[in-house]
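J.: Below is the file model_30.cif, which contains mmCIF, C-alpha atoms.
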data_input
loop_
_atom_site.group_PDB
_atom_site.id
_atom_site.type_symbol
_atom_site.label_atom_id
_atom_site.label_comp_id
_atom_site.auth_asym_id
_atom_site.auth_seq_id
_atom_site.Cartn_x
_atom_site.Cartn_y
_atom_site.Cartn_z
ATOM 1 C CA MET A 1 0.000 0.000 0.000
ATOM 2 C CA ILE A 2 1.156 3.508 -0.819
ATOM 3 C CA PHE A 3 0.642 4.641 2.782
ATOM 4 C CA ASP A 4 3.126 2.018 3.949
ATOM 5 C CA GLU A 5 5.636 3.171 1.315
ATOM 6 C CA VAL A 6 5.379 6.772 2.466
ATOM 7 C CA LYS A 7 5.579 5.779 6.131
ATOM 8 C CA ARG A 8 8.722 3.711 5.579
ATOM 9 C CA PHE A 9 10.284 6.609 3.703
ATOM 10 C CA TYR A 10 9.338 8.961 6.545
ATOM 11 C CA GLN A 11 10.938 6.668 9.101
ATOM 12 C CA SER A 12 14.180 6.528 7.097
ATOM 13 C CA TYR A 13 14.297 10.213 6.148
ATOM 14 C CA GLY A 14 17.151 12.041 7.829
ATOM 15 C CA GLY A 15 15.978 15.581 7.183
ATOM 16 C CA LYS A 16 13.458 17.780 8.917
ATOM 17 C CA LYS A 17 10.027 16.179 8.953
ATOM 18 C CA CYS A 18 6.735 16.238 10.823
ATOM 19 C CA ILE A 19 3.213 14.862 10.986
ATOM 20 C CA ILE A 20 0.757 17.623 10.113
ATOM 21 C CA GLY A 21 -2.335 15.713 11.216
ATOM 22 C CA TYR A 22 -4.279 12.498 10.911
ATOM 23 C CA SER A 23 -6.855 11.109 8.530
ATOM 24 C CA PHE A 24 -10.377 10.084 9.531
ATOM 25 C CA HIS A 25 -9.091 6.573 10.273
ATOM 26 C CA GLY A 26 -6.097 7.892 12.196
ATOM 27 C CA ARG A 27 -3.385 7.521 9.568
ATOM 28 C CA GLU A 28 -0.557 10.021 9.718
ATOM 29 C CA ILE A 29 -0.269 12.775 7.120
ATOM 30 C CA PHE A 30 3.480 13.136 6.687
ATOM 31 C CA ALA A 31 5.434 16.230 5.631
ATOM 32 C CA PHE A 32 9.076 16.407 4.577
ATOM 33 C CA HIS A 33 11.211 19.533 4.441
ATOM 34 C CA ILE A 34 13.684 20.032 1.598
ATOM 35 C CA GLY A 35 16.085 22.852 0.833
ATOM 36 C CA SER A 36 16.888 25.808 3.033
ATOM 37 C CA PRO A 37 15.043 26.132 6.364
ATOM 38 C CA VAL A 38 15.314 29.933 6.288
ATOM 39 C CA GLY A 39 13.583 32.461 4.092
ATOM 40 C CA ARG A 40 10.338 32.043 2.216
ATOM 41 C CA GLN A 41 8.941 28.532 2.147
ATOM 42 C CA PHE A 42 6.667 26.669 -0.263
ATOM 43 C CA ILE A 43 4.200 23.811 0.171
ATOM 44 C CA SER A 44 3.781 21.054 -2.416
ATOM 45 C CA THR A 45 0.926 18.559 -2.040
ATOM 46 C CA TYR A 46 0.143 15.219 -3.667
ATOM 47 C CA ALA A 47 -2.565 12.538 -3.677
ATOM 48 C CA ILE A 48 -5.403 14.630 -2.334
ATOM 49 C CA HIS A 49 -7.553 12.479 -4.633
ATOM 50 C CA ALA A 50 -7.473 8.811 -3.721
ATOM 51 C CA ARG A 51 -7.120 7.302 -7.184
ATOM 52 C CA GLU A 52 -4.188 9.642 -7.867
ATOM 53 C CA TRP A 53 -2.024 7.878 -5.269
ATOM 54 C CA ILE A 54 0.787 7.478 -7.832
ATOM 55 C CA THR A 55 1.637 11.134 -7.180
ATOM 56 C CA ALA A 56 2.838 10.141 -3.709
ATOM 57 C CA ARG A 57 5.672 8.307 -5.458
ATOM 58 C CA LEU A 58 6.297 11.441 -7.492
ATOM 59 C CA ALA A 59 6.577 13.324 -4.192
ATOM 60 C CA ILE A 60 9.242 10.921 -2.940
ATOM 61 C CA LYS A 61 11.140 11.498 -6.166
ATOM 62 C CA HIS A 62 10.885 15.259 -5.632
ATOM 63 C CA ILE A 63 12.180 14.878 -2.083
ATOM 64 C CA LYS A 64 15.137 12.810 -3.233
ATOM 65 C CA THR A 65 15.905 15.266 -6.050
ATOM 66 C CA GLY A 66 15.665 18.223 -3.684
ATOM 67 C CA VAL A 67 15.855 21.893 -4.586
ATOM 68 C CA ARG A 68 18.835 24.158 -5.190
ATOM 69 C CA LYS A 69 17.114 27.405 -4.299
ATOM 70 C CA GLY A 70 14.838 28.150 -1.379
ATOM 71 C CA GLY A 71 13.089 25.560 0.696
ATOM 72 C CA GLY A 72 9.744 24.168 1.609
ATOM 73 C CA TRP A 73 7.506 21.285 2.582
ATOM 74 C CA VAL A 74 6.431 18.280 0.540
ATOM 75 C CA ILE A 75 3.250 16.447 1.645
ATOM 76 C CA PRO A 76 3.109 13.203 -0.372
ATOM 77 C CA LEU A 77 -0.202 11.682 0.718
ATOM 78 C CA VAL A 78 -2.943 14.055 1.855
ATOM 79 C CA ASN A 79 -5.609 11.353 1.533
ATOM 80 C CA PRO A 80 -4.199 8.094 2.962
ATOM 81 C CA ASP A 81 -7.561 6.462 3.741
ATOM 82 C CA GLY A 82 -8.904 7.115 0.266
ATOM 83 C CA ALA A 83 -5.732 5.809 -1.320
ATOM 84 C CA GLU A 84 -6.194 2.502 0.476
ATOM 85 C CA ILE A 85 -9.777 2.300 -0.813
ATOM 86 C CA SER A 86 -8.541 2.924 -4.347
ATOM 87 C CA GLN A 87 -5.782 0.340 -4.041
ATOM 88 C CA THR A 88 -8.009 -2.380 -2.582
ATOM 89 C CA VAL A 89 -11.734 -2.251 -3.360
ATOM 90 C CA ARG A 90 -12.709 0.831 -5.419
ATOM 91 C CA PRO A 91 -9.996 1.718 -7.954
ATOM 92 C CA LEU A 92 -11.713 4.888 -9.220
ATOM 93 C CA TRP A 93 -12.466 6.271 -5.749
ATOM 94 C CA LYS A 94 -11.409 9.936 -5.369
ATOM 95 C CA ALA A 95 -12.846 10.856 -1.975
ATOM 96 C CA ASN A 96 -11.713 10.200 1.590
ATOM 97 C CA ALA A 97 -13.067 7.441 3.827
ATOM 98 C CA ARG A 98 -16.182 9.528 4.620
ATOM 99 C CA GLY A 99 -17.051 9.892 0.949
ATOM 100 C CA VAL A 100 -16.020 13.550 0.764
ATOM 101 C CA ASP A 101 -13.962 14.860 -2.141
ATOM 102 C CA LEU A 102 -11.211 16.695 -0.278
ATOM 103 C CA ASN A 103 -10.514 19.045 -3.172
ATOM 104 C CA CYS A 104 -14.069 20.361 -2.885
ATOM 105 C CA ASN A 105 -13.891 20.918 0.884
ATOM 106 C CA PHE A 106 -11.837 24.118 1.130
ATOM 107 C CA ASP A 107 -13.303 27.530 1.896
ATOM 108 C CA ALA A 108 -13.248 29.027 -1.584
ATOM 109 C CA ASP A 109 -16.819 29.497 -2.788
ATOM 110 C CA TRP A 110 -17.528 26.159 -1.160
ATOM 111 C CA GLY A 111 -20.405 24.245 -2.724
ATOM 112 C CA SER A 112 -20.685 26.383 -5.861
ATOM 113 C CA GLY A 113 -18.863 24.067 -8.263
ATOM 114 C CA ARG A 114 -20.705 22.803 -11.307
ATOM 115 C CA LEU A 115 -20.436 19.120 -10.286
ATOM 116 C CA ASN A 116 -20.682 19.599 -6.528
ATOM 117 C CA THR A 117 -23.029 17.408 -4.530
ATOM 118 C CA LYS A 118 -23.835 16.809 -0.865
ATOM 119 C CA SER A 119 -24.311 13.092 -1.462
ATOM 120 C CA ARG A 120 -21.466 10.991 -0.088
ATOM 121 C CA GLY A 121 -19.656 8.885 -2.619
ATOM 122 C CA GLY A 122 -16.510 8.429 -4.646
ATOM 123 C CA GLU A 123 -16.258 11.977 -5.960
ATOM 124 C CA ASN A 124 -17.633 15.536 -5.937
ATOM 125 C CA CYS A 125 -19.149 15.514 -2.426
ATOM 126 C CA ILE A 126 -18.416 18.831 -0.731
ATOM 127 C CA GLY A 127 -18.813 17.650 2.869
ATOM 128 C CA ASP A 128 -20.913 19.190 5.627
ATOM 129 C CA TYR A 129 -19.115 22.546 5.669
ATOM 130 C CA PRO A 130 -15.701 23.926 4.614
ATOM 131 C CA PHE A 131 -12.884 22.011 6.324
ATOM 132 C CA SER A 132 -15.299 19.446 7.731
ATOM 133 C CA GLU A 133 -12.730 16.731 7.051
ATOM 134 C CA ALA A 134 -9.746 15.871 9.211
ATOM 135 C CA GLU A 135 -7.460 15.897 6.191
ATOM 136 C CA THR A 136 -8.428 19.333 4.863
ATOM 137 C CA ALA A 137 -8.408 20.854 8.348
ATOM 138 C CA SER A 138 -4.883 19.499 8.876
ATOM 139 C CA LEU A 139 -3.666 20.926 5.570
ATOM 140 C CA ARG A 140 -5.344 24.262 6.319
ATOM 141 C CA ASP A 141 -3.713 24.553 9.742
ATOM 142 C CA PHE A 142 -0.288 23.590 8.437
ATOM 143 C CA THR A 143 -0.566 26.050 5.558
ATOM 144 C CA LEU A 144 -1.527 28.862 7.919
ATOM 145 C CA LYS A 145 1.432 27.960 10.133
ATOM 146 C CA VAL A 146 3.973 27.901 7.295
ATOM 147 C CA ARG A 147 2.505 30.877 5.391
ATOM 148 C CA PRO A 148 4.045 29.723 2.090
ATOM 149 C CA PHE A 149 4.812 32.150 -0.705
ATOM 150 C CA PHE A 150 3.392 29.672 -3.211
ATOM 151 C CA THR A 151 1.796 26.223 -3.293
ATOM 152 C CA LEU A 152 1.879 23.442 -5.870
ATOM 153 C CA SER A 153 -0.637 20.608 -6.072
ATOM 154 C CA PHE A 154 0.205 17.556 -8.166
ATOM 155 C CA HIS A 155 -2.735 15.596 -9.567
ATOM 156 C CA THR A 156 -3.396 13.232 -12.463
ATOM 157 C CA LYS A 157 -4.157 13.469 -15.367
ATOM 158 C CA GLY A 158 -4.321 15.584 -18.559
ATOM 159 C CA GLU A 159 -0.950 17.353 -18.917
ATOM 160 C CA GLU A 160 -2.413 20.738 -17.953
ATOM 161 C CA ILE A 161 -1.532 23.473 -15.478
ATOM 162 C CA TYR A 162 -4.205 25.449 -13.627
ATOM 163 C CA TRP A 163 -3.078 28.751 -12.149
ATOM 164 C CA GLN A 164 -6.074 31.053 -11.848
ATOM 165 C CA TYR A 165 -9.144 31.329 -9.641
ATOM 166 C CA ASP A 166 -11.900 33.924 -9.707
ATOM 167 C CA GLY A 167 -9.840 36.243 -11.889
ATOM 168 C CA ALA A 168 -6.729 36.128 -9.704
ATOM 169 C CA GLY A 169 -3.463 34.233 -10.088
ATOM 170 C CA ASP A 170 0.076 34.529 -11.405
ATOM 171 C CA ARG A 171 0.456 33.254 -14.945
ATOM 172 C CA ARG A 172 4.250 33.682 -14.822
ATOM 173 C CA GLY A 173 4.544 30.653 -12.579
ATOM 174 C CA ALA A 174 2.336 28.666 -14.928
ATOM 175 C CA GLU A 175 4.688 29.501 -17.789
ATOM 176 C CA ILE A 176 7.662 28.270 -15.748
ATOM 177 C CA LEU A 177 5.851 25.017 -15.030
ATOM 178 C CA ALA A 178 4.939 24.747 -18.701
ATOM 179 C CA SER A 179 8.581 25.069 -19.719
ATOM 180 C CA ALA A 180 9.576 22.457 -17.115
ATOM 181 C CA THR A 181 6.948 19.895 -18.114
ATOM 182 C CA GLY A 182 5.785 20.633 -21.630
ATOM 183 C CA TYR A 183 2.234 20.934 -20.297
ATOM 184 C CA LYS A 184 -0.175 23.723 -21.244
ATOM 185 C CA PRO A 185 -1.453 26.427 -18.858
ATOM 186 C CA LYS A 186 -5.229 26.403 -18.917
ATOM 187 C CA LEU A 187 -8.078 28.438 -17.481
ATOM 188 C CA ILE A 188 -10.933 26.380 -16.082
ATOM 189 C CA CYS A 189 -14.448 27.352 -15.050
ATOM 190 C CA GLY A 190 -17.088 25.708 -12.930
ATOM 191 C CA SER A 191 -14.922 24.347 -10.136
ATOM 192 C CA ALA A 192 -14.598 25.624 -6.570
ATOM 193 C CA GLY A 193 -13.479 24.585 -3.117
ATOM 194 C CA GLY A 194 -10.036 23.305 -4.061
ATOM 195 C CA TYR A 195 -6.769 23.808 -2.195
ATOM 196 C CA LYS A 196 -5.376 25.931 -5.031
ATOM 197 C CA ASP A 197 -8.570 27.988 -5.056
ATOM 198 C CA TRP A 198 -8.377 28.624 -1.310
ATOM 199 C CA CYS A 199 -4.716 29.617 -1.457
ATOM 200 C CA ILE A 200 -5.409 32.156 -4.194
ATOM 201 C CA LYS A 201 -8.716 33.519 -2.888
ATOM 202 C CA LYS A 202 -8.158 33.570 0.877
ATOM 203 C CA LEU A 203 -4.371 33.627 1.347
ATOM 204 C CA HIS A 204 -3.695 35.767 -1.738
ATOM 205 C CA ILE A 205 -0.684 33.735 -2.802
ATOM 206 C CA PRO A 206 0.174 32.108 -6.142
ATOM 207 C CA ALA A 207 -1.004 28.511 -6.330
ATOM 208 C CA TYR A 208 -0.839 25.955 -9.101
ATOM 209 C CA THR A 209 -2.329 22.588 -9.934
ATOM 210 C CA VAL A 210 -0.292 20.326 -12.206
ATOM 211 C CA GLU A 211 -2.244 17.518 -13.885
ATOM 212 C CA CYS A 212 0.485 14.930 -14.528
ATOM 213 C CA GLY A 213 0.327 12.236 -17.170
ATOM 214 C CA SER A 214 -1.326 11.877 -20.532
ATOM 215 C CA ASP A 215 -5.105 12.027 -20.696
ATOM 216 C CA SER A 216 -4.969 8.747 -22.619
ATOM 217 C CA LEU A 217 -3.912 6.936 -19.442
ATOM 218 C CA ALA A 218 -6.535 5.193 -17.324
ATOM 219 C CA HIS A 219 -7.113 5.874 -13.632
ATOM 220 C CA PRO A 220 -5.522 4.801 -11.401
ATOM 221 C CA ILE A 221 -2.120 5.296 -12.989
ATOM 222 C CA LYS A 222 0.331 2.749 -11.593
ATOM 223 C CA ASN A 223 3.528 3.399 -13.540
ATOM 224 C CA LEU A 224 5.538 6.325 -12.156
ATOM 225 C CA ARG A 225 7.360 6.681 -15.470
ATOM 226 C CA SER A 226 4.073 7.881 -16.931
ATOM 227 C CA LEU A 227 4.649 11.062 -14.907
ATOM 228 C CA LYS A 228 8.291 11.516 -15.918
ATOM 229 C CA LYS A 229 7.659 14.981 -17.393
ATOM 230 C CA CYS A 230 7.010 16.110 -13.807
ATOM 231 C CA TYR A 231 10.151 14.586 -12.299
ATOM 232 C CA LYS A 232 12.055 17.899 -12.173
ATOM 233 C CA ALA A 233 9.082 20.251 -12.053
ATOM 234 C CA LEU A 234 9.476 21.253 -8.404
ATOM 235 C CA LYS A 235 13.240 21.710 -8.652
ATOM 236 C CA ILE A 236 13.035 23.833 -11.804
ATOM 237 C CA PHE A 237 10.126 25.873 -10.486
ATOM 238 C CA THR A 238 11.923 26.809 -7.269
ATOM 239 C CA GLU A 239 15.009 27.812 -9.232
ATOM 240 C CA LYS A 240 13.132 30.158 -11.535
ATOM 241 C CA TYR A 241 10.247 31.460 -9.433
ATOM 242 C CA GLY A 242 10.952 34.111 -6.844
#
Could you express the structure from this file as C-alpha cells?

T.:
Amino acid sequence: MIFDEVKRFYQSYGGKKCIIGYSFHGREIFAFHIGSPVGRQFISTYAIHAREWITARLAIKHIKTGVRKGGGWVIPLVNPDGAEISQTVRPLWKANARGVDLNCNFDADWGSGRLNTKSRGGENCIGDYPFSEAETASLRDFTLKVRPFFTLSFHTKGEEIYWQYDGAGDRRGAEILASATGYKPKLICGSAGGYKDWCIKKLHIPAYTVECGSDSLAHPIKNLRSLKKCYKALKIFTEKYG
C-alpha cells in the first residue's frame, strides 16, 4: 500500500520532517522539508484524490531530487484512507473514507462548483461545511502555520496546469511550469473549493495545480514513469520562481 511506502520513507528520512495531522481513520499525514530552512517557504501537495495515489511516489522522487534554491515542505499523501480504498476495493475512488472529495472541501466558494453534490460517494461531495474533514483541516492549519509564498498541487491526469481562480493568479509561474513539463497552462471554469482555489482567494498567494500524465492513461495510474515529465518540475520551479 502507498501509505506504507510513504511511512517507511518517513521513518528513514534524515531531514526535517513532521506529521501535520491524521486522517479520519487515524493515519498520519506526513510532511518532509527540503532545501533551506530559512527564508520564504513553499508547500507542495500530492494525492489529495485517492485514485491519484501514484503522485505520492512522485513526491518521494521530488524529495530525493531536492531543490537548489529556497526551501519548503512536501506532503506526499494528503488522503491516505482514500488511497487505500482505491488500491483495494474501489480503484476509481477519489474521496476520503467519509465519501467527501477533499478538493471540494476548502473555503473558496464552497459548494458552488458545477459538479458539486452533498451526497457521499466516490467523488464531488463537498462535505458538511468547509474544512469538515480531518485531512483538509490538517492541511489548512499547516498552511496557515507555514505561510508559504506559493503552493503546488500535483494531480493526475491531462498534462495541464491550472493557475487562476476567480480572476486572480500569477500566470508567470504557470509559464515556468509549462517550460519544465511541456504541459499547457489552462483556465478552467465551474470548479470551486479546491486547495489551489483557497490559497489564491483567501491567502492571496500564487497557487498551481499540475495535472500529470497523458489524458490517454486510465485511472488509477500505476507506472511512475508515466509522470516523468514532472520529475524535475518542483526543482526547476523553485530555481526560476521568486

J.: Translate the PyMOL selection byres ((chain A and resi 102-109) around 9), as applied to the file shown, into an explicit residue set as a compact mmCIF listing (two decimals) with C-alpha atoms, keeping the file's coordinate frame.

T.:
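Output below, filename out.txt:
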# COMPACT_ATOMS: atom_id res chain seq x y z
CA ILE A 48 -5.40 14.63 -2.33
CA HIS A 49 -7.55 12.48 -4.63
CA VAL A 78 -2.94 14.06 1.86
CA ASN A 79 -5.61 11.35 1.53
CA LYS A 94 -11.41 9.94 -5.37
CA ALA A 95 -12.85 10.86 -1.98
CA ASN A 96 -11.71 10.20 1.59
CA VAL A 100 -16.02 13.55 0.76
CA ASP A 101 -13.96 14.86 -2.14
CA TRP A 110 -17.53 26.16 -1.16
CA GLY A 111 -20.40 24.24 -2.72
CA SER A 112 -20.68 26.38 -5.86
CA GLY A 113 -18.86 24.07 -8.26
CA ASN A 116 -20.68 19.60 -6.53
CA GLU A 123 -16.26 11.98 -5.96
CA ASN A 124 -17.63 15.54 -5.94
CA CYS A 125 -19.15 15.51 -2.43
CA ILE A 126 -18.42 18.83 -0.73
CA GLY A 127 -18.81 17.65 2.87
CA ASP A 128 -20.91 19.19 5.63
CA TYR A 129 -19.11 22.55 5.67
CA PRO A 130 -15.70 23.93 4.61
CA PHE A 131 -12.88 22.01 6.32
CA SER A 132 -15.30 19.45 7.73
CA GLU A 133 -12.73 16.73 7.05
CA GLU A 135 -7.46 15.90 6.19
CA THR A 136 -8.43 19.33 4.86
CA ALA A 137 -8.41 20.85 8.35
CA ARG A 140 -5.34 24.26 6.32
CA SER A 191 -14.92 24.35 -10.14
CA ALA A 192 -14.60 25.62 -6.57
CA GLY A 193 -13.48 24.58 -3.12
CA GLY A 194 -10.04 23.30 -4.06
CA TYR A 195 -6.77 23.81 -2.19
CA LYS A 196 -5.38 25.93 -5.03
CA ASP A 197 -8.57 27.99 -5.06
CA TRP A 198 -8.38 28.62 -1.31
CA CYS A 199 -4.72 29.62 -1.46
CA ILE A 200 -5.41 32.16 -4.19
CA LYS A 201 -8.72 33.52 -2.89
CA LYS A 202 -8.16 33.57 0.88

J.: May I ask which of the residues A:Val89, A:Ile43, A:Ile54, A:Ala134 is the closest one to Lys157 (chain A), counting all atoms listed in the file?

T.: A:Ile54

J.: Would you kindly translate the PyMOL selection byres ((chain A and resi 44) around 12) into the concrete residues it picks from this file, as a VMD selection string?

T.: chain A and resid 31 to 34 41 to 43 45 to 48 55 to 56 58 to 60 62 to 63 71 to 78 139 142 to 143 146 148 to 155 195 to 196 207 to 210 233 to 235 237 to 238

J.: Which residue gives the smallest distance to Trp163 (chain A) among A:Ile29, A:Leu144, A:Ala83, A:Leu187, with all atoms listed in the file counted?

T.: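 Ranking A:Ile29, A:Leu144, A:Ala83, A:Leu187 by distance to Trp163 (chain A), first place goes to A:Leu187.
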
J.: If the PyMOL selection byres ((chain A and resi 173) around 10) is run on the structure shown, which residues does it catch, given as an MDAnalysis selection string?

T.: chainID A and resid 150 161 163 169:172 174:179 185 206:208 237:238 240:242

J.: Given only C-alpha atoms as the basis, pick out the residue of A:Leu227, A:Ile2, A:Ile19, A:Ile188 nearest to Gln87 (chain A).

T.: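 With only C-alpha atoms as the atom set, the closest residue is A:Ile2.
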
J.: Rounded to one decimal in Å, what is the spacing between CA of Glu5 (chain A) and CA of Arg98 (chain A)?

T.: 23.0 Å

J.: Do you have the CA of Glu239 (chain A)-CA of Asn223 (chain A) distance handy?

T.: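 Straight-line distance from CA of Glu239 (chain A) to CA of Asn223 (chain A) works out to 27.3 Å.
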
J.: Please identify all polymer residues within 10 Å of Asp215 (chain A), counting only C-alpha atoms, omitting same-chain residues fewer than 2 positions from it, and present them as a PDB file with C-alpha atoms, in the coordinates of the input.

T.:
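The resulting file, result-v8.pdb, is shown below:
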ATOM      1  CA  THR A 156      -3.396  13.232 -12.463  1.00  0.00           C
ATOM      2  CA  LYS A 157      -4.157  13.469 -15.367  1.00  0.00           C
ATOM      3  CA  GLY A 158      -4.321  15.584 -18.559  1.00  0.00           C
ATOM      4  CA  GLU A 159      -0.950  17.353 -18.917  1.00  0.00           C
ATOM      5  CA  GLU A 160      -2.413  20.738 -17.953  1.00  0.00           C
ATOM      6  CA  GLU A 211      -2.244  17.518 -13.885  1.00  0.00           C
ATOM      7  CA  CYS A 212       0.485  14.930 -14.528  1.00  0.00           C
ATOM      8  CA  GLY A 213       0.327  12.236 -17.170  1.00  0.00           C
ATOM      9  CA  LEU A 217      -3.912   6.936 -19.442  1.00  0.00           C
ATOM     10  CA  ALA A 218      -6.535   5.193 -17.324  1.00  0.00           C
ATOM     11  CA  HIS A 219      -7.113   5.874 -13.632  1.00  0.00           C
TER      12      HIS A 219
END

J.: Just give me the gap between CA of Phe30 (chain A) and CA of Cys18 (chain A) in Å, one decimal is fine.

T.: 6.1 Å

J.: Kindly list the centre and edge lengths in Å, rounded to one decimal, for the axis-aligned box that covers all listed atoms of region 193-207 of chain A plus 4 Å on each of its six sides, as lines of an AutoDock Vina configuration file.

T.:
center_x = -6.7
center_y = 29.5
center_z = -2.5
size_x = 21.7
size_y = 20.5
size_z = 15.7

J.: Please determine, counting only C-alpha atoms, which residue among A:Arg57, A:Arg90, A:Lys232, A:Lys184 has the shortest atom-to-atom distance to Phe3 (chain A).

T.: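 Closest residue, counting only C-alpha atoms: A:Arg57.
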